[in-house]
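Colleague: Structure file coords_31.pdb, PDB, C-alpha atoms, is pasted below:
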```
ATOM      1  CA  MET A   1      66.215  99.636 132.920
ATOM      2  CA  ASN A   2      68.109  96.452 133.865
ATOM      3  CA  SER A   3      65.516  94.303 132.177
ATOM      4  CA  HIS A   4      66.070  96.186 128.939
ATOM      5  CA  GLU A   5      68.148  94.018 126.676
ATOM      6  CA  VAL A   6      68.651  93.603 122.970
ATOM      7  CA  ARG A   7      69.769  90.300 121.491
ATOM      8  CA  ILE A   8      71.300  90.090 118.049
ATOM      9  CA  HIS A   9      71.885  86.732 116.446
ATOM     10  CA  ILE A  10      75.296  86.654 114.762
ATOM     11  CA  ASP A  11      76.059  84.326 111.894
ATOM     12  CA  SER A  12      77.182  86.469 108.969
ATOM     13  CA  ASN A  13      79.259  89.546 108.323
ATOM     14  CA  SER A  14      76.182  91.735 107.910
ATOM     15  CA  ASP A  15      75.153  90.825 111.497
ATOM     16  CA  ILE A  16      78.426  92.414 112.636
ATOM     17  CA  VAL A  17      77.243  95.728 111.189
ATOM     18  CA  THR A  18      73.754  95.332 112.713
ATOM     19  CA  ALA A  19      75.211  94.606 116.169
ATOM     20  CA  ARG A  20      77.534  97.597 116.213
ATOM     21  CA  GLN A  21      74.831  99.950 114.914
ATOM     22  CA  LYS A  22      72.396  98.771 117.584
ATOM     23  CA  GLY A  23      75.077  99.178 120.250
ATOM     24  CA  ARG A  24      75.815 102.706 119.097
ATOM     25  CA  GLU A  25      72.114 103.510 119.221
ATOM     26  CA  ILE A  26      71.704 102.301 122.824
ATOM     27  CA  ALA A  27      74.917 104.014 123.940
ATOM     28  CA  SER A  28      73.789 107.218 122.267
ATOM     29  CA  GLN A  29      70.501 107.106 124.216
ATOM     30  CA  LEU A  30      72.585 106.747 127.387
ATOM     31  CA  GLY A  31      74.372 109.996 126.517
ATOM     32  CA  PHE A  32      77.882 108.727 125.760
ATOM     33  CA  THR A  33      80.256 111.139 123.987
ATOM     34  CA  SER A  34      80.842 110.617 120.272
ATOM     35  CA  THR A  35      84.356 109.298 120.966
ATOM     36  CA  ASP A  36      82.942 106.707 123.386
ATOM     37  CA  LEU A  37      80.232 105.774 120.857
ATOM     38  CA  THR A  38      82.954 104.956 118.344
ATOM     39  CA  LEU A  39      84.958 102.948 120.899
ATOM     40  CA  ILE A  40      81.831 100.983 121.876
ATOM     41  CA  ALA A  41      80.823 100.310 118.268
ATOM     42  CA  THR A  42      84.382  99.229 117.429
ATOM     43  CA  ALA A  43      84.532  96.860 120.431
ATOM     44  CA  ILE A  44      81.200  95.286 119.432
ATOM     45  CA  SER A  45      82.445  94.904 115.877
ATOM     46  CA  GLU A  46      85.547  93.017 117.047
ATOM     47  CA  LEU A  47      83.543  90.780 119.422
ATOM     48  CA  ALA A  48      80.946  89.959 116.766
ATOM     49  CA  ARG A  49      83.677  89.200 114.245
ATOM     50  CA  ASN A  50      85.319  86.786 116.693
ATOM     51  CA  ILE A  51      82.005  84.904 116.803
ATOM     52  CA  VAL A  52      81.760  84.678 113.011
ATOM     53  CA  LEU A  53      85.434  83.693 112.637
ATOM     54  CA  TYR A  54      85.786  81.139 115.410
ATOM     55  CA  ALA A  55      82.306  79.847 116.212
ATOM     56  CA  GLN A  56      80.353  80.619 113.012
ATOM     57  CA  GLU A  57      77.354  81.634 115.082
ATOM     58  CA  GLY A  58      76.396  83.073 118.422
ATOM     59  CA  GLU A  59      74.790  86.179 119.832
ATOM     60  CA  ILE A  60      75.499  89.667 121.068
ATOM     61  CA  ILE A  61      73.427  90.829 124.033
ATOM     62  CA  LEU A  62      73.307  94.548 124.737
ATOM     63  CA  THR A  63      72.114  95.820 128.116
ATOM     64  CA  VAL A  64      71.984  99.001 130.117
ATOM     65  CA  ALA A  65      74.390  98.469 133.023
ATOM     66  CA  GLU A  66      73.800 100.053 136.419
ATOM     67  CA  GLU A  67      76.019 100.025 139.471
ATOM     68  CA  GLY A  68      75.211 102.478 142.229
ATOM     69  CA  ALA A  69      74.988 105.880 140.631
ATOM     70  CA  ARG A  70      76.851 105.029 137.474
ATOM     71  CA  ARG A  71      75.366 103.799 134.251
ATOM     72  CA  GLY A  72      76.805 102.349 131.163
ATOM     73  CA  ILE A  73      76.419  99.812 128.440
ATOM     74  CA  GLY A  74      76.984  96.103 128.802
ATOM     75  CA  VAL A  75      77.912  93.884 125.885
ATOM     76  CA  VAL A  76      77.939  90.100 126.089
ATOM     77  CA  ALA A  77      79.259  88.068 123.168
ATOM     78  CA  ARG A  78      78.302  84.433 123.500
ATOM     79  CA  ASP A  79      78.877  81.401 121.323
ATOM     80  CA  ASP A  80      78.822  77.613 121.531
ATOM     81  CA  GLY A  81      81.947  77.333 119.422
ATOM     82  CA  PRO A  82      85.173  75.422 120.015
ATOM     83  CA  GLY A  83      86.261  77.608 122.952
ATOM     84  CA  ILE A  84      89.732  78.956 123.625
ATOM     85  CA  ILE A  85      92.426  76.524 124.776
ATOM     86  CA  ASP A  86      94.703  79.134 126.302
ATOM     87  CA  VAL A  87      92.752  82.214 127.398
ATOM     88  CA  GLU A  88      95.848  83.910 128.849
ATOM     89  CA  ARG A  89      97.578  83.624 125.512
ATOM     90  CA  ALA A  90      94.498  84.835 123.615
ATOM     91  CA  LEU A  91      94.633  87.997 125.713
ATOM     92  CA  GLN A  92      98.251  88.745 124.890
ATOM     93  CA  GLU A  93      99.018  91.766 122.758
ATOM     94  CA  GLY A  94      98.471  91.089 119.107
ATOM     95  CA  PHE A  95      97.619  87.424 119.525
ATOM     96  CA  SER A  96      95.326  86.022 116.886
ATOM     97  CA  THR A  97      95.070  82.501 115.521
ATOM     98  CA  SER A  98      92.879  83.432 112.609
ATOM     99  CA  ARG A  99      94.973  84.741 109.730
ATOM    100  CA  SER A 100      96.199  87.476 112.067
ATOM    101  CA  PHE A 101      93.109  89.621 111.874
ATOM    102  CA  GLY A 102      93.768  92.658 113.956
ATOM    103  CA  MET A 103      94.450  92.806 117.621
ATOM    104  CA  GLY A 104      91.803  90.378 118.849
ATOM    105  CA  LEU A 105      90.708  90.334 122.446
ATOM    106  CA  SER A 106      93.597  92.365 123.864
ATOM    107  CA  GLY A 107      92.519  95.278 121.674
ATOM    108  CA  VAL A 108      88.898  95.020 122.799
ATOM    109  CA  ARG A 109      90.044  95.055 126.427
ATOM    110  CA  ARG A 110      91.705  98.409 125.845
ATOM    111  CA  LEU A 111      88.492  99.924 124.438
ATOM    112  CA  VAL A 112      86.275  99.140 127.456
ATOM    113  CA  ASP A 113      86.301  99.536 131.257
ATOM    114  CA  ASP A 114      85.349  96.039 132.478
ATOM    115  CA  PHE A 115      86.342  92.894 130.646
ATOM    116  CA  LYS A 116      85.526  89.295 131.569
ATOM    117  CA  ILE A 117      85.962  86.120 129.592
ATOM    118  CA  ILE A 118      84.816  82.586 130.292
ATOM    119  CA  SER A 119      85.776  79.952 127.791
ATOM    120  CA  GLU A 120      85.564  76.194 127.883
ATOM    121  CA  VAL A 121      87.032  73.988 125.195
ATOM    122  CA  GLY A 122      84.233  72.267 123.334
ATOM    123  CA  SER A 123      81.409  74.281 124.817
ATOM    124  CA  GLY A 124      81.992  77.886 123.865
ATOM    125  CA  THR A 125      83.092  81.336 124.881
ATOM    126  CA  THR A 126      81.374  84.218 126.654
ATOM    127  CA  VAL A 127      83.000  87.630 126.697
ATOM    128  CA  SER A 128      81.319  90.288 128.878
ATOM    129  CA  VAL A 129      82.407  93.885 128.676
ATOM    130  CA  LYS A 130      81.118  97.131 130.143
ATOM    131  CA  LYS A 131      81.780 100.718 129.391
ATOM    132  CA  TRP A 132      80.767 103.288 132.010
ATOM    133  CA  LYS A 133      79.717 106.814 131.293
TER
ATOM    134  CA  MET B   1      76.215  97.982  99.629
ATOM    135  CA  GLN B   2      78.469  98.474  96.629
ATOM    136  CA  VAL B   3      80.808 101.455  96.744
ATOM    137  CA  PRO B   4      80.633 103.717  93.669
ATOM    138  CA  ILE B   5      83.981 104.211  91.940
ATOM    139  CA  LEU B   6      84.419 107.402  89.928
ATOM    140  CA  LYS B   7      87.038 107.821  87.253
ATOM    141  CA  GLN B   8      88.532 111.291  87.169
ATOM    142  CA  SER B   9      91.380 111.769  84.661
ATOM    143  CA  ASP B  10      94.254 109.609  85.918
ATOM    144  CA  TYR B  11      92.598 108.781  89.218
ATOM    145  CA  LEU B  12      89.943 106.483  90.629
ATOM    146  CA  ILE B  13      87.888 107.823  93.515
ATOM    147  CA  ALA B  14      85.957 105.415  95.737
ATOM    148  CA  SER B  15      83.577 107.286  97.942
ATOM    149  CA  ILE B  16      82.167 105.128 100.753
ATOM    150  CA  GLN B  17      78.585 106.213 101.462
ATOM    151  CA  ALA B  18      77.479 104.014 104.352
ATOM    152  CA  ALA B  19      78.566 101.285 106.744
ATOM    153  CA  LEU B  20      80.263  98.422 104.910
ATOM    154  CA  THR B  21      80.222  94.722 105.689
ATOM    155  CA  ASP B  22      83.393  92.661 105.408
ATOM    156  CA  ALA B  23      82.147  91.352 102.065
ATOM    157  CA  ASP B  24      81.583  94.919 100.766
ATOM    158  CA  LEU B  25      85.139  95.865 101.765
ATOM    159  CA  LEU B  26      86.633  92.891  99.953
ATOM    160  CA  GLN B  27      84.527  93.684  96.903
ATOM    161  CA  LEU B  28      85.816  97.281  96.939
ATOM    162  CA  ARG B  29      89.427  96.086  97.228
ATOM    163  CA  ASP B  30      89.050  93.691  94.291
ATOM    164  CA  ALA B  31      87.190  96.221  92.128
ATOM    165  CA  LEU B  32      89.894  98.877  92.612
ATOM    166  CA  VAL B  33      92.771  96.482  92.010
ATOM    167  CA  THR B  34      91.117  95.445  88.725
ATOM    168  CA  GLN B  35      89.991  98.890  87.565
ATOM    169  CA  VAL B  36      93.420 100.432  88.069
ATOM    170  CA  GLY B  37      94.416  98.270  85.091
ATOM    171  CA  THR B  38      91.236  98.765  83.074
ATOM    172  CA  PHE B  39      91.534 102.565  83.202
ATOM    173  CA  ARG B  40      95.337 102.688  83.448
ATOM    174  CA  SER B  41      94.952 104.857  86.538
ATOM    175  CA  ARG B  42      97.945 106.409  88.297
ATOM    176  CA  GLY B  43      96.277 107.007  91.619
ATOM    177  CA  VAL B  44      93.419 105.836  93.831
ATOM    178  CA  ILE B  45      91.581 107.756  96.538
ATOM    179  CA  VAL B  46      89.426 105.933  99.080
ATOM    180  CA  ASP B  47      87.195 108.360 100.951
ATOM    181  CA  VAL B  48      86.226 106.903 104.354
ATOM    182  CA  THR B  49      84.559 110.052 105.750
ATOM    183  CA  ALA B  50      81.249 108.186 106.104
ATOM    184  CA  LEU B  51      82.742 105.266 108.053
ATOM    185  CA  ASP B  52      81.893 105.512 111.746
ATOM    186  CA  VAL B  53      83.858 102.372 112.599
ATOM    187  CA  MET B  54      87.178 101.133 111.265
ATOM    188  CA  ASP B  55      87.856  97.879 113.038
ATOM    189  CA  SER B  56      90.708  95.427 112.516
ATOM    190  CA  PHE B  57      89.155  93.935 109.398
ATOM    191  CA  ALA B  58      88.509  97.292 107.723
ATOM    192  CA  VAL B  59      92.008  98.563 108.490
ATOM    193  CA  ARG B  60      93.627  95.365 107.294
ATOM    194  CA  THR B  61      91.597  95.370 104.078
ATOM    195  CA  LEU B  62      92.478  99.011 103.329
ATOM    196  CA  ARG B  63      96.143  98.286 103.994
ATOM    197  CA  ASP B  64      96.042  95.269 101.674
ATOM    198  CA  LEU B  65      94.231  97.331  99.051
ATOM    199  CA  ALA B  66      96.922 100.043  99.105
ATOM    200  CA  HIS B  67      99.747  97.507  98.899
ATOM    201  CA  MET B  68      98.081  95.587  96.056
ATOM    202  CA  ILE B  69      97.510  98.793  94.117
ATOM    203  CA  ARG B  70     101.143  99.778  94.593
ATOM    204  CA  LEU B  71     102.123  96.413  93.117
ATOM    205  CA  ARG B  72      99.951  97.356  90.131
ATOM    206  CA  GLY B  73     101.980 100.555  89.724
ATOM    207  CA  ALA B  74      99.582 103.122  91.169
ATOM    208  CA  GLU B  75      99.423 105.118  94.407
ATOM    209  CA  THR B  76      96.627 105.007  96.980
ATOM    210  CA  VAL B  77      95.636 107.611  99.508
ATOM    211  CA  ILE B  78      93.015 107.078 102.227
ATOM    212  CA  VAL B  79      91.151 110.285 103.034
ATOM    213  CA  GLY B  80      88.629 111.397 105.633
ATOM    214  CA  ILE B  81      89.430 109.286 108.719
ATOM    215  CA  GLN B  82      87.267 110.910 111.399
ATOM    216  CA  PRO B  83      88.843 112.032 114.698
ATOM    217  CA  GLU B  84      86.872 109.492 116.780
ATOM    218  CA  VAL B  85      87.800 106.729 114.362
ATOM    219  CA  ALA B  86      91.487 107.710 114.550
ATOM    220  CA  PHE B  87      91.244 107.608 118.359
ATOM    221  CA  ALA B  88      89.626 104.147 118.359
ATOM    222  CA  MET B  89      92.221 102.830 115.890
ATOM    223  CA  VAL B  90      95.087 103.990 118.095
ATOM    224  CA  GLN B  91      93.434 102.507 121.214
ATOM    225  CA  LEU B  92      92.981  99.226 119.399
ATOM    226  CA  GLY B  93      96.599  99.295 118.211
ATOM    227  CA  LEU B  94      95.704  99.424 114.525
ATOM    228  CA  THR B  95      98.009 101.191 112.097
ATOM    229  CA  LEU B  96      97.961 101.978 108.408
ATOM    230  CA  GLU B  97     101.724 101.595 108.101
ATOM    231  CA  GLY B  98     103.032 102.209 104.616
ATOM    232  CA  VAL B  99      99.717 103.701 103.497
ATOM    233  CA  SER B 100      99.312 107.383 102.635
ATOM    234  CA  THR B 101      96.499 109.318 104.281
ATOM    235  CA  ALA B 102      95.155 112.843 103.835
ATOM    236  CA  LEU B 103      92.620 114.990 105.639
ATOM    237  CA  ASP B 104      90.004 115.104 102.894
ATOM    238  CA  LEU B 105      89.402 114.595  99.187
ATOM    239  CA  GLU B 106      90.975 117.924  98.223
ATOM    240  CA  GLU B 107      94.178 117.188 100.154
ATOM    241  CA  GLY B 108      94.195 113.664  98.756
ATOM    242  CA  LEU B 109      94.064 114.931  95.163
ATOM    243  CA  ALA B 110      96.824 117.456  95.858
ATOM    244  CA  TYR B 111      98.937 114.705  97.411
ATOM    245  CA  LEU B 112      98.522 112.416  94.390
ATOM    246  CA  ASP B 113      99.267 115.230  91.917
ATOM    247  CA  LYS B 114     102.533 115.954  93.705
ATOM    248  CA  LYS B 115     103.509 112.324  94.208
ATOM    249  CA  ILE B 116     102.801 111.275  90.642
ATOM    250  CA  LYS B 117     104.568 114.295  89.181
ATOM    251  CA  ALA B 118     107.606 113.433  91.325
ATOM    252  CA  ILE B 119     107.550 109.816  90.144
ATOM    253  CA  SER B 120     107.271 110.701  86.454
ATOM    254  CA  SER B 121     110.035 113.327  86.613
ATOM    255  CA  SER B 122     112.397 110.933  88.392
ATOM    256  CA  THR B 123     111.654 108.282  85.733
ATOM    257  CA  LYS B 124     112.547 110.791  83.012
ATOM    258  CA  GLU B 125     115.795 111.667  84.772
ATOM    259  CA  GLY B 126     116.600 107.994  85.036
ATOM    260  CA  ARG B 127     116.225 107.604  81.283
ATOM    261  CA  SER B 128     118.397 110.495  80.234
TER
END
```
Re-express the file's structure as structure tokens.

Modeller:
Amino acid sequence: MNSHEVRIHIDSNSDIVTARQKGREIASQLGFTSTDLTLIATAISELARNIVLYAQEGEIILTVAEEGARRGIGVVARDDGPGIIDVERALQEGFSTSRSFGMGLSGVRRLVDDFKIISEVGSGTTVSVKKWK
Amino acid sequence: MQVPILKQSDYLIASIQAALTDADLLQLRDALVTQVGTFRSRGVIVDVTALDVMDSFAVRTLRDLAHMIRLRGAETVIVGIQPEVAFAMVQLGLTLEGVSTALDLEEGLAYLDKKIKAISSSTKEGRS
């Protein structure tokens, strides 16, 4: 199951919809509750929108996550965009540089169980999140 | 996907049928803000029952839509936010502050009837 992954290229606002629908589909196959399905789809939507807004293009990679007995869904949002200068600040409540769209990364962090971000100025950003069943 | 807008007496009803892209949402906002003038509507209902995700962009666009329509002299009510969607919105810290909501279309219509009657009677009192 670990080898199972779905990659969605993101470069327009219709890709945001495709990514979140695909994520919902995979999470549904894993047996998540309908509330969790909505949280997962919403998190993917926010991550994909960050790509379109800040990097113009990138990809969303959806995987089945396994750790011991537990299973879940993994979502990686990757881009080669400008990167984030101050990651700590980007994770603060309500922080957003782009015309104050929503809650940004701090909101996504609240929707998932594991949250990791690696960003380098000039070479891009990778956000990896997991939600366990 | 374009959202159909129905005109019913003094109201416009936009019934979202499927997932909307950001561009679709902006198109809906602009269409309603324009049509409120074209049809001299007093109220607008946006039915979001079919939306399985309301992320920051969707919430912001609906909030803007309601505020713009108020500036045009009409009232907006958002109806049909699903329980899971409400949960996700709260988790994400998204609010629809200053925007009226109702459980479903029926409640939304009842709300507008009451609100608009109250507005027109207070205007009459003001004149006398």

Colleague: Which centre and which edge lengths, in Å to one decimal, describe the axis-aligned box that holds all listed atoms of segment 22-25 of chain B after 6 Å is added on each side, as lines of an AutoDock Vina configuration file?

Modeller:
```
center_x = 83.4
center_y = 93.6
center_z = 103.1
size_x = 15.6
size_y = 16.5
size_z = 16.6
```

Colleague: Tell me which protein, DNA and RNA residues are within 9 Å of Asp104 of chain B, counting all atoms listed in the file, leaving out same-chain ones fewer than 6 positions away, and put them as a ChimeraX atom specification.

Modeller: /B:47,49,78-81

Colleague: Which one of B:Arg70, B:Lys117, B:Arg63, B:Lys124 sits closest to chain A if you count only C-alpha atoms?

Modeller: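 Among the listed residues, the smallest separation from chain A belongs to B:Arg63.
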
Colleague: Using all atoms listed in the file, can you tell me which of B:Leu51, B:Ala18, B:Leu28, B:Ala88 comes closest to chain A?

Modeller: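 Looking at the shortest contact to chain A, the residue is B:Ala88.
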
Colleague: Could the residues of chain A that have an atom at most 7 Å from chain B be listed as a Markdown table, each with its closest atom pair and the distance in Å to one decimal, counting all atoms listed in the file and ordered by chain and ascending residue number?

Modeller:
```
| residue | atom | partner | partner_atom | distance |
| --- | --- | --- | --- | --- |
| A:Asn13 | CA | B:Thr21 | CA | 5.9 |
| A:Ser14 | CA | B:Thr21 | CA | 5.5 |
| A:Val17 | CA | B:Thr21 | CA | 6.3 |
| A:Thr35 | CA | B:Glu84 | CA | 4.9 |
| A:Thr38 | CA | B:Glu84 | CA | 6.2 |
| A:Leu39 | CA | B:Ala88 | CA | 5.4 |
| A:Ala41 | CA | B:Val53 | CA | 6.8 |
| A:Thr42 | CA | B:Asp55 | CA | 5.8 |
| A:Ser45 | CA | B:Asp55 | CA | 6.8 |
| A:Glu46 | CA | B:Asp55 | CA | 6.7 |
| A:Phe101 | CA | B:Ser56 | CA | 6.3 |
| A:Gly102 | CA | B:Ser56 | CA | 4.4 |
| A:Met103 | CA | B:Leu92 | CA | 6.8 |
| A:Gly107 | CA | B:Leu92 | CA | 4.6 |
| A:Val108 | CA | B:Leu92 | CA | 6.8 |
| A:Arg110 | CA | B:Gln91 | CA | 6.4 |
| A:Leu111 | CA | B:Gln91 | CA | 6.4 |
```

Colleague: Please return as a ChimeraX atom specification every residue within 6 Å of (74.1, 86.0, 118.7), taking into account all atoms listed in the file and the file's own coordinates.

Modeller: /A:8-10,58-60

Colleague: Tell me which of A:Glu67, A:Glu5, A:Asp86, A:Glu25 sits closest to Ile40 of chain A, counting only C-alpha atoms.

Modeller: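 Nearest to Ile40 of chain A: A:Glu25.
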
Colleague: List the residues selected by the PyMOL selection byres ((chain A and resi 91) around 6) in the file shown, writing them as a ChimeraX atom specification.

Modeller: /A:88-90,92,105-106

Colleague: So the first atom is atom CA of Asp113 of chain B and the second is atom CA of Arg72 of chain B; what is the distance between them in Å, to one decimal place?

Modeller: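 The value is 18.0 Å.
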
Colleague: Show me the residues around (95.6, 100.3, 94.4) - criterion: an atom at most 9 Å away, all atoms listed in the file counted - as a list of chain:residue names.

Modeller: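 Checking each residue against the 9 Å limit leaves B:Arg29, B:Leu32, B:Val33, B:Thr34, B:Gln35, B:Val36, B:Arg42, B:Gly43, B:Val44, B:Ile45, B:Asp64, B:Leu65, B:Ala66, B:His67, B:Met68, B:Ile69, B:Arg70, B:Leu71, B:Arg72, B:Gly73, B:Ala74, B:Glu75, B:Thr76, B:Val77.
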
Colleague: Report as a list in words the full result of the PyMOL selection byres ((chain A and resi 127) around 6) when it is applied to this structure.

Modeller: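 Residues picked by the PyMOL selection byres ((chain A and resi 127) around 6): Val76, Ala77, Lys116, Ile117, Thr126 and Ser128 of chain A.
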
Colleague: For atom CA of Gly83 of chain A and atom CA of Lys130 of chain A, determine how far apart the two atoms are, in Å to one decimal place.

Modeller: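 It comes out at 21.4 Å.
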
Colleague: Provide the atom CA of Val129 of chain A to atom CA of Asp114 of chain A distance in Å, to one decimal place.

Modeller: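 Computed distance, atom CA of Val129 of chain A to atom CA of Asp114 of chain A, equals 5.3 Å.
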
Colleague: Taking the file as shown, find all residues satisfying the PyMOL selection byres ((chain B and resi 12-14) around 7) and write them as a PDB file with C-alpha atoms, in the frame of the given file.

Modeller:
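Dumped to result29.pdb:
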```pdb
ATOM      1  CA  VAL B   3      80.808 101.455  96.744  1.00  0.00           C
ATOM      2  CA  PRO B   4      80.633 103.717  93.669  1.00  0.00           C
ATOM      3  CA  ILE B   5      83.981 104.211  91.940  1.00  0.00           C
ATOM      4  CA  LEU B   6      84.419 107.402  89.928  1.00  0.00           C
ATOM      5  CA  LYS B   7      87.038 107.821  87.253  1.00  0.00           C
ATOM      6  CA  GLN B   8      88.532 111.291  87.169  1.00  0.00           C
ATOM      7  CA  TYR B  11      92.598 108.781  89.218  1.00  0.00           C
ATOM      8  CA  SER B  15      83.577 107.286  97.942  1.00  0.00           C
ATOM      9  CA  ILE B  16      82.167 105.128 100.753  1.00  0.00           C
ATOM     10  CA  SER B  41      94.952 104.857  86.538  1.00  0.00           C
ATOM     11  CA  GLY B  43      96.277 107.007  91.619  1.00  0.00           C
ATOM     12  CA  VAL B  44      93.419 105.836  93.831  1.00  0.00           C
ATOM     13  CA  ILE B  45      91.581 107.756  96.538  1.00  0.00           C
ATOM     14  CA  VAL B  46      89.426 105.933  99.080  1.00  0.00           C
ATOM     15  CA  ASP B  47      87.195 108.360 100.951  1.00  0.00           C
TER      16      ASP B  47
END
```

Colleague: Which residues are close to Asp11 of chain A, i.e. within 10 Å by all atoms listed in the file, leaving aside same-chain residues fewer than 3 positions away? Reply as a PyMOL selection string.

Modeller: chain A and resi 8+14-16+48-49+51-53+55-59
